[in-house]
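Q: PDB, C-alpha atoms, saved as query.pdb, coming up:
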ATOM      1  CA  MET A 665     -56.472  60.649  56.318
ATOM      2  CA  ARG A 666     -58.966  58.996  54.020
ATOM      3  CA  ALA A 667     -57.807  55.564  55.087
ATOM      4  CA  GLU A 668     -58.460  56.454  58.743
ATOM      5  CA  ILE A 669     -61.931  57.743  57.972
ATOM      6  CA  ALA A 670     -62.754  54.627  55.961
ATOM      7  CA  CYS A 671     -61.545  52.389  58.785
ATOM      8  CA  VAL A 672     -63.777  54.233  61.295
ATOM      9  CA  LEU A 673     -66.754  53.921  58.960
ATOM     10  CA  ILE A 674     -66.250  50.211  58.490
ATOM     11  CA  CYS A 675     -66.029  49.641  62.220
ATOM     12  CA  LEU A 676     -69.173  51.650  62.836
ATOM     13  CA  VAL A 677     -71.123  49.918  60.109
ATOM     14  CA  THR A 678     -70.016  46.487  61.223
ATOM     15  CA  GLY A 679     -70.848  47.222  64.823
ATOM     16  CA  ALA A 680     -74.198  48.709  63.905
ATOM     17  CA  GLN A 681     -75.146  45.743  61.790
ATOM     18  CA  ALA A 682     -74.096  43.424  64.558
ATOM     19  CA  ALA A 683     -76.183  45.273  67.126
ATOM     20  CA  ASP A 684     -78.892  46.863  65.045
ATOM     21  CA  THR A 685     -79.361  48.780  61.824
ATOM     22  CA  ILE A 686     -78.446  52.461  62.343
ATOM     23  CA  GLU A 687     -78.870  55.166  59.741
ATOM     24  CA  LEU A 688     -75.608  57.050  59.165
ATOM     25  CA  PRO A 689     -75.401  60.846  59.062
ATOM     26  CA  SER A 690     -75.391  62.499  55.637
ATOM     27  CA  TYR A 691     -71.752  63.584  55.779
ATOM     28  CA  PHE A 692     -70.693  59.914  56.052
ATOM     29  CA  GLN A 693     -72.634  59.135  52.897
ATOM     30  CA  GLU A 694     -70.984  62.044  51.135
ATOM     31  CA  SER A 695     -67.540  60.759  52.183
ATOM     32  CA  PHE A 696     -68.287  57.353  50.626
ATOM     33  CA  GLU A 697     -69.353  58.975  47.395
ATOM     34  CA  ILE A 698     -66.199  61.091  47.276
ATOM     35  CA  VAL A 699     -63.961  58.010  47.764
ATOM     36  CA  ALA A 700     -65.837  56.065  45.115
ATOM     37  CA  ALA A 701     -65.563  58.943  42.633
ATOM     38  CA  ARG A 702     -61.766  59.340  43.066
ATOM     39  CA  PRO A 703     -60.073  55.908  43.349
ATOM     40  CA  LEU A 704     -56.375  55.612  44.266
ATOM     41  CA  THR A 705     -53.881  55.786  41.377
ATOM     42  CA  ILE A 706     -51.734  52.623  40.909
ATOM     43  CA  LEU A 707     -48.100  53.112  39.740
ATOM     44  CA  SER A 708     -48.412  51.150  36.519
ATOM     45  CA  GLY A 709     -47.132  53.060  33.526
ATOM     46  CA  ALA A 710     -46.246  56.117  35.675
ATOM     47  CA  ARG A 711     -43.134  57.414  37.361
ATOM     48  CA  LEU A 712     -42.424  59.767  40.271
ATOM     49  CA  VAL A 713     -41.183  63.212  39.362
ATOM     50  CA  THR A 714     -40.070  65.394  42.306
ATOM     51  CA  GLY A 715     -42.632  63.866  44.609
ATOM     52  CA  ALA A 716     -45.484  64.016  42.067
ATOM     53  CA  ILE A 717     -46.886  61.261  39.872
ATOM     54  CA  ASP A 718     -46.301  61.600  36.142
ATOM     55  CA  ASN A 719     -48.906  59.449  34.332
ATOM     56  CA  SER A 720     -47.542  60.384  30.929
ATOM     57  CA  ALA A 721     -44.390  58.225  31.342
ATOM     58  CA  PRO A 722     -44.384  55.019  29.254
ATOM     59  CA  ARG A 723     -44.659  51.657  31.008
ATOM     60  CA  ALA A 724     -41.374  50.490  29.562
ATOM     61  CA  ALA A 725     -39.552  53.329  31.332
ATOM     62  CA  LEU A 726     -40.402  51.931  34.785
ATOM     63  CA  PRO A 727     -38.136  49.357  36.487
ATOM     64  CA  GLY A 728     -39.218  45.807  36.039
ATOM     65  CA  ILE A 729     -39.530  45.204  39.753
ATOM     66  CA  ILE A 730     -42.334  47.870  39.863
ATOM     67  CA  VAL A 731     -44.190  46.621  36.802
ATOM     68  CA  THR A 732     -43.885  42.855  37.201
ATOM     69  CA  GLY A 733     -42.287  42.383  40.583
ATOM     70  CA  ASN A 734     -39.171  40.783  38.999
ATOM     71  CA  PRO A 735     -35.832  42.589  38.751
ATOM     72  CA  ASP A 736     -34.439  43.203  35.286
ATOM     73  CA  PRO A 737     -31.203  41.238  34.484
ATOM     74  CA  SER A 738     -28.200  43.138  33.247
ATOM     75  CA  PRO A 739     -28.253  43.411  29.473
ATOM     76  CA  ARG A 740     -25.957  40.809  27.844
ATOM     77  CA  PRO A 741     -23.444  42.407  25.456
ATOM     78  CA  VAL A 742     -23.636  41.309  21.858
ATOM     79  CA  LEU A 743     -20.115  40.714  20.511
ATOM     80  CA  GLN A 744     -19.321  40.777  16.863
ATOM     81  CA  PRO A 745     -16.237  38.802  15.627
ATOM     82  CA  THR A 746     -14.163  41.918  15.152
ATOM     83  CA  ALA A 747     -10.923  43.160  16.623
ATOM     84  CA  ALA A 748     -12.802  45.866  18.568
ATOM     85  CA  ALA A 749     -15.079  43.285  20.168
ATOM     86  CA  TYR A 750     -12.124  41.171  21.305
ATOM     87  CA  ALA A 751     -10.368  44.272  22.654
ATOM     88  CA  SER A 752     -13.421  45.168  24.800
ATOM     89  CA  LEU A 753     -13.139  41.943  26.795
ATOM     90  CA  SER A 754     -11.555  41.720  30.206
ATOM     91  CA  PRO A 755      -7.783  42.261  30.218
ATOM     92  CA  THR A 756      -7.359  38.778  31.704
ATOM     93  CA  ILE A 757      -9.037  37.189  28.666
ATOM     94  CA  ARG A 758      -7.281  37.871  25.404
ATOM     95  CA  LEU A 759      -8.591  36.004  22.391
ATOM     96  CA  THR A 760      -6.659  36.647  19.239
ATOM     97  CA  PRO A 761      -8.615  36.040  16.057
ATOM     98  CA  PRO A 762      -6.748  33.593  13.766
ATOM     99  CA  ALA A 763      -4.893  35.065  10.839
ATOM    100  CA  VAL A 764      -6.262  34.391   7.403
ATOM    101  CA  ASP A 765      -3.035  32.641   6.325
ATOM    102  CA  ASP A 766      -3.212  30.202   9.270
ATOM    103  CA  VAL A 767      -6.604  28.790   8.311
ATOM    104  CA  PRO A 768      -6.005  25.372   6.635
ATOM    105  CA  LEU A 769      -7.428  25.073   3.165
ATOM    106  CA  PRO A 770      -9.412  21.987   2.144
ATOM    107  CA  VAL A 771      -7.559  19.297   0.198
ATOM    108  CA  ARG A 772      -8.161  19.526  -3.514
ATOM    109  CA  ARG A 773     -10.258  16.661  -4.831
ATOM    110  CA  PRO A 774      -8.143  14.480  -7.141
ATOM    111  CA  LYS A 775      -9.083  14.282 -10.776
ATOM    112  CA  GLY A 776     -10.844  11.158 -11.890
ATOM    113  CA  ILE A 777     -11.788  10.071  -8.372
ATOM    114  CA  ASP A 778     -15.342   9.441  -9.478
ATOM    115  CA  VAL A 779     -14.300   7.339 -12.480
ATOM    116  CA  PRO A 780     -14.664   3.609 -11.680
ATOM    117  CA  LEU A 781     -11.409   1.683 -11.912
ATOM    118  CA  LEU A 782     -13.021  -1.348 -13.511
ATOM    119  CA  GLU A 783     -16.220  -1.967 -15.345
ATOM    120  CA  ALA A 784     -18.814  -4.170 -13.714
ATOM    121  CA  ASP A 785     -17.881  -7.215 -15.823
ATOM    122  CA  GLN A 786     -14.135  -6.556 -15.873
ATOM    123  CA  LYS A 787     -11.766  -8.461 -13.608
ATOM    124  CA  LEU A 788      -8.214  -7.793 -12.553
ATOM    125  CA  PRO A 789      -5.613  -9.922 -14.335
ATOM    126  CA  PRO A 790      -3.772 -12.405 -12.123
ATOM    127  CA  MET A 791      -0.676 -10.918 -10.529
ATOM    128  CA  GLN A 792       2.531 -12.133 -12.151
ATOM    129  CA  ILE A 793       5.141 -12.706  -9.461
ATOM    130  CA  PRO A 794       8.626 -13.417 -10.797
ATOM    131  CA  GLU A 795       9.864 -16.785  -9.688
ATOM    132  CA  THR A 796      13.103 -16.757  -7.703
ATOM    133  CA  LYS A 797      15.146 -19.933  -7.734
ATOM    134  CA  VAL A 798      18.263 -20.760  -5.769
ATOM    135  CA  ALA A 799      21.157 -22.507  -7.456
ATOM    136  CA  MET A 800      22.137 -25.658  -5.555
ATOM    137  CA  LEU A 801      25.866 -25.189  -5.976
ATOM    138  CA  GLY A 802      26.824 -27.366  -3.006
ATOM    139  CA  GLY A 803      30.125 -25.912  -1.628
ATOM    140  CA  GLN A 804      31.216 -24.359  -4.898
ATOM    141  CA  PRO A 805      32.030 -20.659  -5.223
ATOM    142  CA  GLY A 806      28.796 -18.668  -5.354
ATOM    143  CA  ALA A 807      26.756 -21.241  -3.407
ATOM    144  CA  GLY A 808      23.416 -19.902  -2.219
ATOM    145  CA  LEU A 809      23.167 -17.134  -4.826
ATOM    146  CA  ALA A 810      19.846 -16.672  -6.591
ATOM    147  CA  ILE A 811      19.954 -18.541  -9.879
ATOM    148  CA  ASN A 812      18.424 -15.508 -11.597
ATOM    149  CA  ALA A 813      21.794 -13.807 -11.042
ATOM    150  CA  LEU A 814      23.767 -16.790 -12.437
ATOM    151  CA  ALA A 815      21.600 -17.809 -15.381
ATOM    152  CA  ARG A 816      19.589 -15.760 -17.837
ATOM    153  CA  MET A 817      16.504 -17.744 -18.713
ATOM    154  CA  GLU A 818      12.809 -17.418 -19.479
ATOM    155  CA  PRO A 819      10.033 -19.805 -18.400
ATOM    156  CA  MET A 820       8.268 -21.652 -21.193
ATOM    157  CA  ALA A 821       4.911 -23.354 -21.485
ATOM    158  CA  PRO A 822       4.822 -26.997 -20.344
ATOM    159  CA  ILE A 823       5.791 -29.485 -23.061
ATOM    160  CA  ALA A 824       3.544 -32.482 -23.738
ATOM    161  CA  LYS A 825       4.412 -34.312 -26.959
ATOM    162  CA  GLY A 826       3.684 -38.025 -26.831
ATOM    163  CA  ALA A 827       6.102 -39.579 -24.333
ATOM    164  CA  CYS A 828       8.096 -36.324 -24.141
ATOM    165  CA  ARG A 829       6.809 -34.305 -21.211
ATOM    166  CA  VAL A 830       8.477 -31.376 -19.474
ATOM    167  CA  GLN A 831       6.486 -29.728 -16.714
ATOM    168  CA  ARG A 832       8.615 -26.605 -16.265
ATOM    169  CA  PRO A 833      10.975 -25.954 -19.183
ATOM    170  CA  TYR A 834      13.169 -22.861 -19.484
ATOM    171  CA  ARG A 835      14.869 -21.130 -22.367
ATOM    172  CA  LEU A 836      18.486 -20.644 -21.245
ATOM    173  CA  THR A 837      20.522 -17.960 -23.025
ATOM    174  CA  SER A 838      23.611 -17.416 -20.828
ATOM    175  CA  LEU A 839      25.408 -18.584 -17.693
ATOM    176  CA  GLY A 840      27.524 -17.028 -14.976
ATOM    177  CA  PRO A 841      27.474 -13.677 -13.183
ATOM    178  CA  GLY A 842      26.317 -10.934 -15.523
ATOM    179  CA  GLY A 843      25.659 -13.522 -18.274
ATOM    180  CA  ARG A 844      29.382 -13.833 -19.025
ATOM    181  CA  THR A 845      28.988 -17.085 -21.030
ATOM    182  CA  ALA A 846      26.435 -16.988 -23.854
ATOM    183  CA  LEU A 847      24.725 -20.092 -25.257
ATOM    184  CA  ALA A 848      24.347 -20.186 -29.038
ATOM    185  CA  PRO A 849      21.678 -21.116 -29.799
ATOM    186  CA  ALA A 850      19.609 -20.886 -26.602
ATOM    187  CA  ALA A 851      18.960 -24.203 -24.882
ATOM    188  CA  THR A 852      15.607 -25.599 -23.737
ATOM    189  CA  LEU A 853      16.149 -27.355 -20.399
ATOM    190  CA  ASP A 854      14.402 -28.085 -17.129
ATOM    191  CA  LEU A 855      15.354 -26.409 -13.858
ATOM    192  CA  ASP A 856      17.605 -29.232 -12.604
ATOM    193  CA  MET A 857      19.729 -29.007 -15.735
ATOM    194  CA  VAL A 858      19.993 -25.221 -15.410
ATOM    195  CA  GLN A 859      21.219 -25.576 -11.835
ATOM    196  CA  ALA A 860      23.768 -28.204 -12.866
ATOM    197  CA  LEU A 861      25.025 -26.016 -15.743
ATOM    198  CA  VAL A 862      25.533 -23.127 -13.326
ATOM    199  CA  ARG A 863      27.954 -25.313 -11.354
ATOM    200  CA  TRP A 864      29.551 -26.650 -14.515
ATOM    201  CA  GLU A 865      30.098 -23.183 -16.029
ATOM    202  CA  ASP A 866      32.026 -22.079 -12.959
ATOM    203  CA  GLY A 867      34.427 -25.036 -13.232
ATOM    204  CA  MET A 868      34.671 -24.655 -17.028
ATOM    205  CA  GLN A 869      35.741 -21.014 -16.681
ATOM    206  CA  ALA A 870      38.381 -21.995 -14.113
ATOM    207  CA  ALA A 871      39.750 -24.571 -16.582
ATOM    208  CA  ALA A 872      39.807 -21.976 -19.390
ATOM    209  CA  LYS A 873      41.822 -19.509 -17.335
ATOM    210  CA  ALA A 874      44.256 -22.237 -16.254
ATOM    211  CA  THR A 875      44.839 -23.668 -19.752
ATOM    212  CA  LEU A 876      43.975 -20.883 -22.203
ATOM    213  CA  GLY A 877      44.715 -17.820 -20.092
ATOM    214  CA  GLU A 878      41.358 -16.197 -20.860
ATOM    215  CA  PRO A 879      37.684 -16.862 -20.193
ATOM    216  CA  ILE A 880      35.144 -18.486 -22.477
ATOM    217  CA  ALA A 881      32.597 -16.064 -23.975
ATOM    218  CA  VAL A 882      30.366 -18.374 -26.082
ATOM    219  CA  ILE A 883      29.330 -22.039 -25.928
ATOM    220  CA  HIS A 884      27.894 -23.606 -29.101
ATOM    221  CA  VAL A 885      24.953 -25.890 -28.262
ATOM    222  CA  ALA A 886      24.553 -28.857 -30.620
ATOM    223  CA  ALA A 887      21.325 -30.091 -28.965
ATOM    224  CA  SER A 888      19.164 -29.619 -25.881
ATOM    225  CA  TYR A 889      15.465 -30.618 -25.776
ATOM    226  CA  ASP A 890      14.634 -33.033 -28.607
ATOM    227  CA  CYS A 891      11.764 -35.531 -28.460
ATOM    228  CA  ARG A 892      13.595 -38.642 -29.703
ATOM    229  CA  THR A 893      15.037 -41.985 -28.639
ATOM    230  CA  MET A 894      18.640 -42.653 -27.650
ATOM    231  CA  ASN A 895      20.992 -42.081 -30.613
ATOM    232  CA  HIS A 896      17.893 -41.745 -32.841
ATOM    233  CA  ARG A 897      17.472 -45.538 -32.928
ATOM    234  CA  ARG A 898      14.095 -47.141 -33.466
ATOM    235  CA  ARG A 899      12.644 -49.042 -30.497
ATOM    236  CA  ALA A 900      15.340 -47.635 -28.229
ATOM    237  CA  ARG A 901      14.659 -46.047 -24.895
ATOM    238  CA  MET A 902      13.597 -42.412 -24.719
ATOM    239  CA  SER A 903      16.611 -40.101 -24.660
ATOM    240  CA  GLU A 904      17.185 -37.695 -21.817
ATOM    241  CA  HIS A 905      16.970 -35.001 -24.495
ATOM    242  CA  GLY A 906      13.252 -35.798 -24.726
ATOM    243  CA  LYS A 907      12.933 -34.802 -21.064
ATOM    244  CA  ALA A 908      14.908 -31.542 -21.438
ATOM    245  CA  ASN A 909      17.404 -33.249 -19.154
ATOM    246  CA  ALA A 910      20.467 -33.250 -21.454
ATOM    247  CA  ILE A 911      22.670 -30.897 -23.491
ATOM    248  CA  ASP A 912      25.340 -31.371 -26.189
ATOM    249  CA  VAL A 913      28.236 -28.875 -26.519
ATOM    250  CA  SER A 914      30.289 -28.853 -29.757
ATOM    251  CA  GLU A 915      32.495 -25.756 -29.569
ATOM    252  CA  PHE A 916      33.862 -23.032 -27.243
ATOM    253  CA  VAL A 917      34.846 -19.436 -28.132
ATOM    254  CA  THR A 918      37.179 -17.408 -25.926
ATOM    255  CA  ALA A 919      36.885 -13.709 -25.120
ATOM    256  CA  SER A 920      39.554 -12.936 -27.742
ATOM    257  CA  GLY A 921      37.719 -14.957 -30.407
ATOM    258  CA  LYS A 922      39.713 -18.236 -30.320
ATOM    259  CA  ARG A 923      37.640 -21.314 -31.220
ATOM    260  CA  ILE A 924      38.064 -24.678 -29.517
ATOM    261  CA  SER A 925      36.332 -27.493 -31.419
ATOM    262  CA  VAL A 926      35.483 -30.705 -29.599
ATOM    263  CA  ARG A 927      36.101 -32.790 -32.751
ATOM    264  CA  ALA A 928      39.286 -31.049 -33.954
ATOM    265  CA  ASP A 929      40.992 -30.181 -30.683
ATOM    266  CA  SER A 930      40.274 -33.178 -28.428
ATOM    267  CA  LYS A 931      43.324 -35.141 -29.592
ATOM    268  CA  GLY A 932      46.960 -34.129 -29.617
ATOM    269  CA  GLY A 933      48.700 -31.666 -27.328
ATOM    270  CA  GLY A 934      48.534 -27.988 -26.748
ATOM    271  CA  ALA A 935      46.403 -25.660 -24.677
ATOM    272  CA  LYS A 936      43.164 -26.441 -26.511
ATOM    273  CA  ALA A 937      43.439 -30.199 -25.905
ATOM    274  CA  SER A 938      44.305 -29.562 -22.260
ATOM    275  CA  PHE A 939      41.235 -27.361 -21.954
ATOM    276  CA  ILE A 940      38.877 -30.008 -23.388
ATOM    277  CA  LYS A 941      40.380 -32.666 -21.112
ATOM    278  CA  ALA A 942      39.909 -30.422 -18.061
ATOM    279  CA  VAL A 943      36.351 -29.606 -19.120
ATOM    280  CA  ARG A 944      35.438 -33.303 -19.427
ATOM    281  CA  ALA A 945      36.790 -33.938 -15.925
ATOM    282  CA  THR A 946      34.724 -31.066 -14.528
ATOM    283  CA  THR A 947      31.670 -32.321 -16.411
ATOM    284  CA  CYS A 948      31.931 -35.760 -14.831
ATOM    285  CA  ASP A 949      31.910 -34.165 -11.377
ATOM    286  CA  VAL A 950      28.576 -32.473 -12.044
ATOM    287  CA  PHE A 951      26.497 -34.691 -14.380
ATOM    288  CA  GLN A 952      25.460 -38.336 -14.252
ATOM    289  CA  VAL A 953      26.258 -39.296 -17.840
ATOM    290  CA  VAL A 954      29.090 -37.721 -19.869
ATOM    291  CA  LEU A 955      29.947 -38.892 -23.369
ATOM    292  CA  GLY A 956      32.478 -37.443 -25.811
ATOM    293  CA  PRO A 957      35.074 -38.296 -28.442
ATOM    294  CA  GLY A 958      36.217 -41.919 -28.097
ATOM    295  CA  SER A 959      33.232 -43.040 -25.969
ATOM    296  CA  ASP A 960      30.963 -44.958 -28.394
ATOM    297  CA  GLY A 961      31.476 -43.515 -31.863
ATOM    298  CA  MET A 962      28.242 -41.468 -31.616
ATOM    299  CA  HIS A 963      29.709 -38.491 -29.766
ATOM    300  CA  GLU A 964      32.908 -37.667 -31.682
ATOM    301  CA  ASP A 965      31.976 -34.029 -32.375
ATOM    302  CA  HIS A 966      30.377 -32.997 -29.101
ATOM    303  CA  ILE A 967      30.263 -33.553 -25.345
ATOM    304  CA  HIS A 968      26.981 -34.994 -24.101
ATOM    305  CA  MET A 969      25.959 -34.373 -20.488
ATOM    306  CA  ASP A 970      22.695 -35.286 -18.694
ATOM    307  CA  LEU A 971      21.193 -36.004 -15.278
ATOM    308  CA  GLY A 972      19.816 -39.482 -15.991
ATOM    309  CA  HIS A 973      19.535 -42.345 -13.501
ATOM    310  CA  TRP A 974      22.760 -44.052 -14.643
ATOM    311  CA  LYS A 975      26.294 -42.986 -13.786
ATOM    312  CA  SER A 976      28.672 -43.142 -16.731
ATOM    313  CA  CYS A 977      31.599 -40.889 -17.687
ATOM    314  CA  ARG A 978      33.426 -41.801 -20.926
TER     315      ARG A 978
END
Can you give me the file's structure in the form of structure tokens?
A:
Amino acid sequence: MRAEIACVLICLVTGAQAADTIELPSYFQESFEIVAARPLTILSGARLVTGAIDNSAPRAALPGIIVTGNPDPSPRPVLQPTAAAYASLSPTIRLTPPAVDDVPLPVRRPKGIDVPLLEADQKLPPMQIPETKVAMLGGQPGAGLAINALARMEPMAPIAKGACRVQRPYRLTSLGPGGRTALAPAATLDLDMVQALVRWEDGMQAAAKATLGEPIAVIHVAASYDCRTMNHRRRARMSEHGKANAIDVSEFVTASGKRISVRADSKGGGAKASFIKAVRATTCDVFQVVLGPGSDGMHEDHIHMDLGHWKSCR
């Protein structure tokens, strides 16, 4: 009703001002004063209660679309990582919290991991790689086997003594598979001589079984490396012994303890003489120079064998 009255008044006033200034009746002025004294109530911070306006209601109690013009979103549930929270989810989504025993534990930090392996000025020693050599047995039994399995030996420091020079000498202590033939004392020889002795030992053992009926267990070495001239003569050529390229054998001992002496058993008959004769034949097949009893008067008590440049078997 008030809105209609106000609209009529505005139209009258506007029309009167457009045409001419007209003084309004007193009851119109009173109506204006009444409207100005009682303005319309806006629904901010109030709520409707059974058709009436309750101004005591808090603003927060009203819907957001009335207060701000924007609808309130649905409150988002706050889930705690508990079994009850997981159970409250939709039946189509089932998240099972992991068991305590299934959680992997961190790897324990090893002891001493922070300790430096080397000091700043310390260097690693050079790696020692064992040298593997192959015996050049040529067609003989055991050809192609590693010489470490057929000869027990140790590398020695290079020899440089005047004209006697050996680049890679070895200390040989036994021959054959499992070190079946011991050398007493140990011989100092170069690698070529060791390879040749491996072949020779195999033939020597075959001769022992054929003539003596048992293997040889020990070989007595009369000489190996020795920096000297041939036959110890002055102004003679350097001996192959001075190059670790020769060996002298004076006696053999069988597995049962029998001794075969080169001096005493080379002549005459019997199994021992047959053995020495067979050994000398085998030696000539392997080495370049072979000297023994009856050769030159200088080798009556031993068998000399070397890998020199000359071929001579006496």
Q: As an exercise, work out the distance from atom CA of A:Asp866 to atom CA of A:Asp960 in Å and give it to one decimal place.
A: 27.6 Å
Q: So that I can check the surroundings of A:Ala815, please list as a list in words every protein, DNA and RNA residue that reaches within 7 Å of it, counting only C-alpha atoms and ignoring chain neighbours fewer than 4 positions away.
A: Ile811, Ser838, Leu839, Gly840, Gly843 and Val862 of chain A
Q: Specify as a tab-separated table (two decimals) with C-alpha atoms, keeping the file's coordinate frame each residue included when the PyMOL selection byres ((chain A and resi 875) around 10) is applied to this file.
A:
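Contents of the output file expr33.tsv:
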chain	number	residue	atom	x	y	z
A	869	GLN	CA	35.74	-21.01	-16.68
A	870	ALA	CA	38.38	-22.00	-14.11
A	871	ALA	CA	39.75	-24.57	-16.58
A	872	ALA	CA	39.81	-21.98	-19.39
A	873	LYS	CA	41.82	-19.51	-17.34
A	874	ALA	CA	44.26	-22.24	-16.25
A	876	LEU	CA	43.98	-20.88	-22.20
A	877	GLY	CA	44.72	-17.82	-20.09
A	878	GLU	CA	41.36	-16.20	-20.86
A	879	PRO	CA	37.68	-16.86	-20.19
A	934	GLY	CA	48.53	-27.99	-26.75
A	935	ALA	CA	46.40	-25.66	-24.68
A	936	LYS	CA	43.16	-26.44	-26.51
A	937	ALA	CA	43.44	-30.20	-25.90
A	938	SER	CA	44.30	-29.56	-22.26
A	939	PHE	CA	41.24	-27.36	-21.95
A	940	ILE	CA	38.88	-30.01	-23.39
A	942	ALA	CA	39.91	-30.42	-18.06
Q: Quick check, in Å to one decimal: how far apart do atom CA of A:Arg829 and atom CA of A:Lys975 lie?
A: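 Interatomic distance, atom CA of A:Arg829 to atom CA of A:Lys975: 22.6 Å.
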Q: Which residues match the PyMOL selection byres ((chain A and resi 948) around 10) in the file above, as an NGL selection string?
A: :A and (864 or 943-947 or 949-955 or 969 or 975-978)
Q: Write the residues of the preceding selection, restricted to C-alpha atoms, as an mmCIF file, in the frame of the given file.
A:
data_model
loop_
_atom_site.group_PDB
_atom_site.id
_atom_site.type_symbol
_atom_site.label_atom_id
_atom_site.label_comp_id
_atom_site.auth_asym_id
_atom_site.auth_seq_id
_atom_site.Cartn_x
_atom_site.Cartn_y
_atom_site.Cartn_z
ATOM 1 C CA TRP A 864 29.551 -26.650 -14.515
ATOM 2 C CA VAL A 943 36.351 -29.606 -19.120
ATOM 3 C CA ARG A 944 35.438 -33.303 -19.427
ATOM 4 C CA ALA A 945 36.790 -33.938 -15.925
ATOM 5 C CA THR A 946 34.724 -31.066 -14.528
ATOM 6 C CA THR A 947 31.670 -32.321 -16.411
ATOM 7 C CA ASP A 949 31.910 -34.165 -11.377
ATOM 8 C CA VAL A 950 28.576 -32.473 -12.044
ATOM 9 C CA PHE A 951 26.497 -34.691 -14.380
ATOM 10 C CA GLN A 952 25.460 -38.336 -14.252
ATOM 11 C CA VAL A 953 26.258 -39.296 -17.840
ATOM 12 C CA VAL A 954 29.090 -37.721 -19.869
ATOM 13 C CA LEU A 955 29.947 -38.892 -23.369
ATOM 14 C CA MET A 969 25.959 -34.373 -20.488
ATOM 15 C CA LYS A 975 26.294 -42.986 -13.786
ATOM 16 C CA SER A 976 28.672 -43.142 -16.731
ATOM 17 C CA CYS A 977 31.599 -40.889 -17.687
ATOM 18 C CA ARG A 978 33.426 -41.801 -20.926
#
Q: Have a look at atom CA of A:Val926 and atom CA of A:Ala848 and let me know their distance in Å, one decimal.
A: 15.3 Å
Q: Any chance you could work out the residue set of the PyMOL selection byres ((chain A and resi 922) around 10) here, as a PyMOL selection string?
A: chain A and resi 876+878+880-881+916-921+923-925+936
Q: Under the rule that all atoms listed in the file are counted, which of A:Asp965, A:Glu904, A:Glu694, A:Glu865 is the nearest residue to A:Lys931?
A: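 Closest residue, counting all atoms listed in the file: A:Asp965.
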Q: For A:His963, work out the shell of residues within 10 Å, counting only C-alpha atoms and skipping chain neighbours fewer than 3 positions away, then give it as an MDAnalysis selection string.
A: chainID A and resid 895 912 914 926:927 954:960 966:968
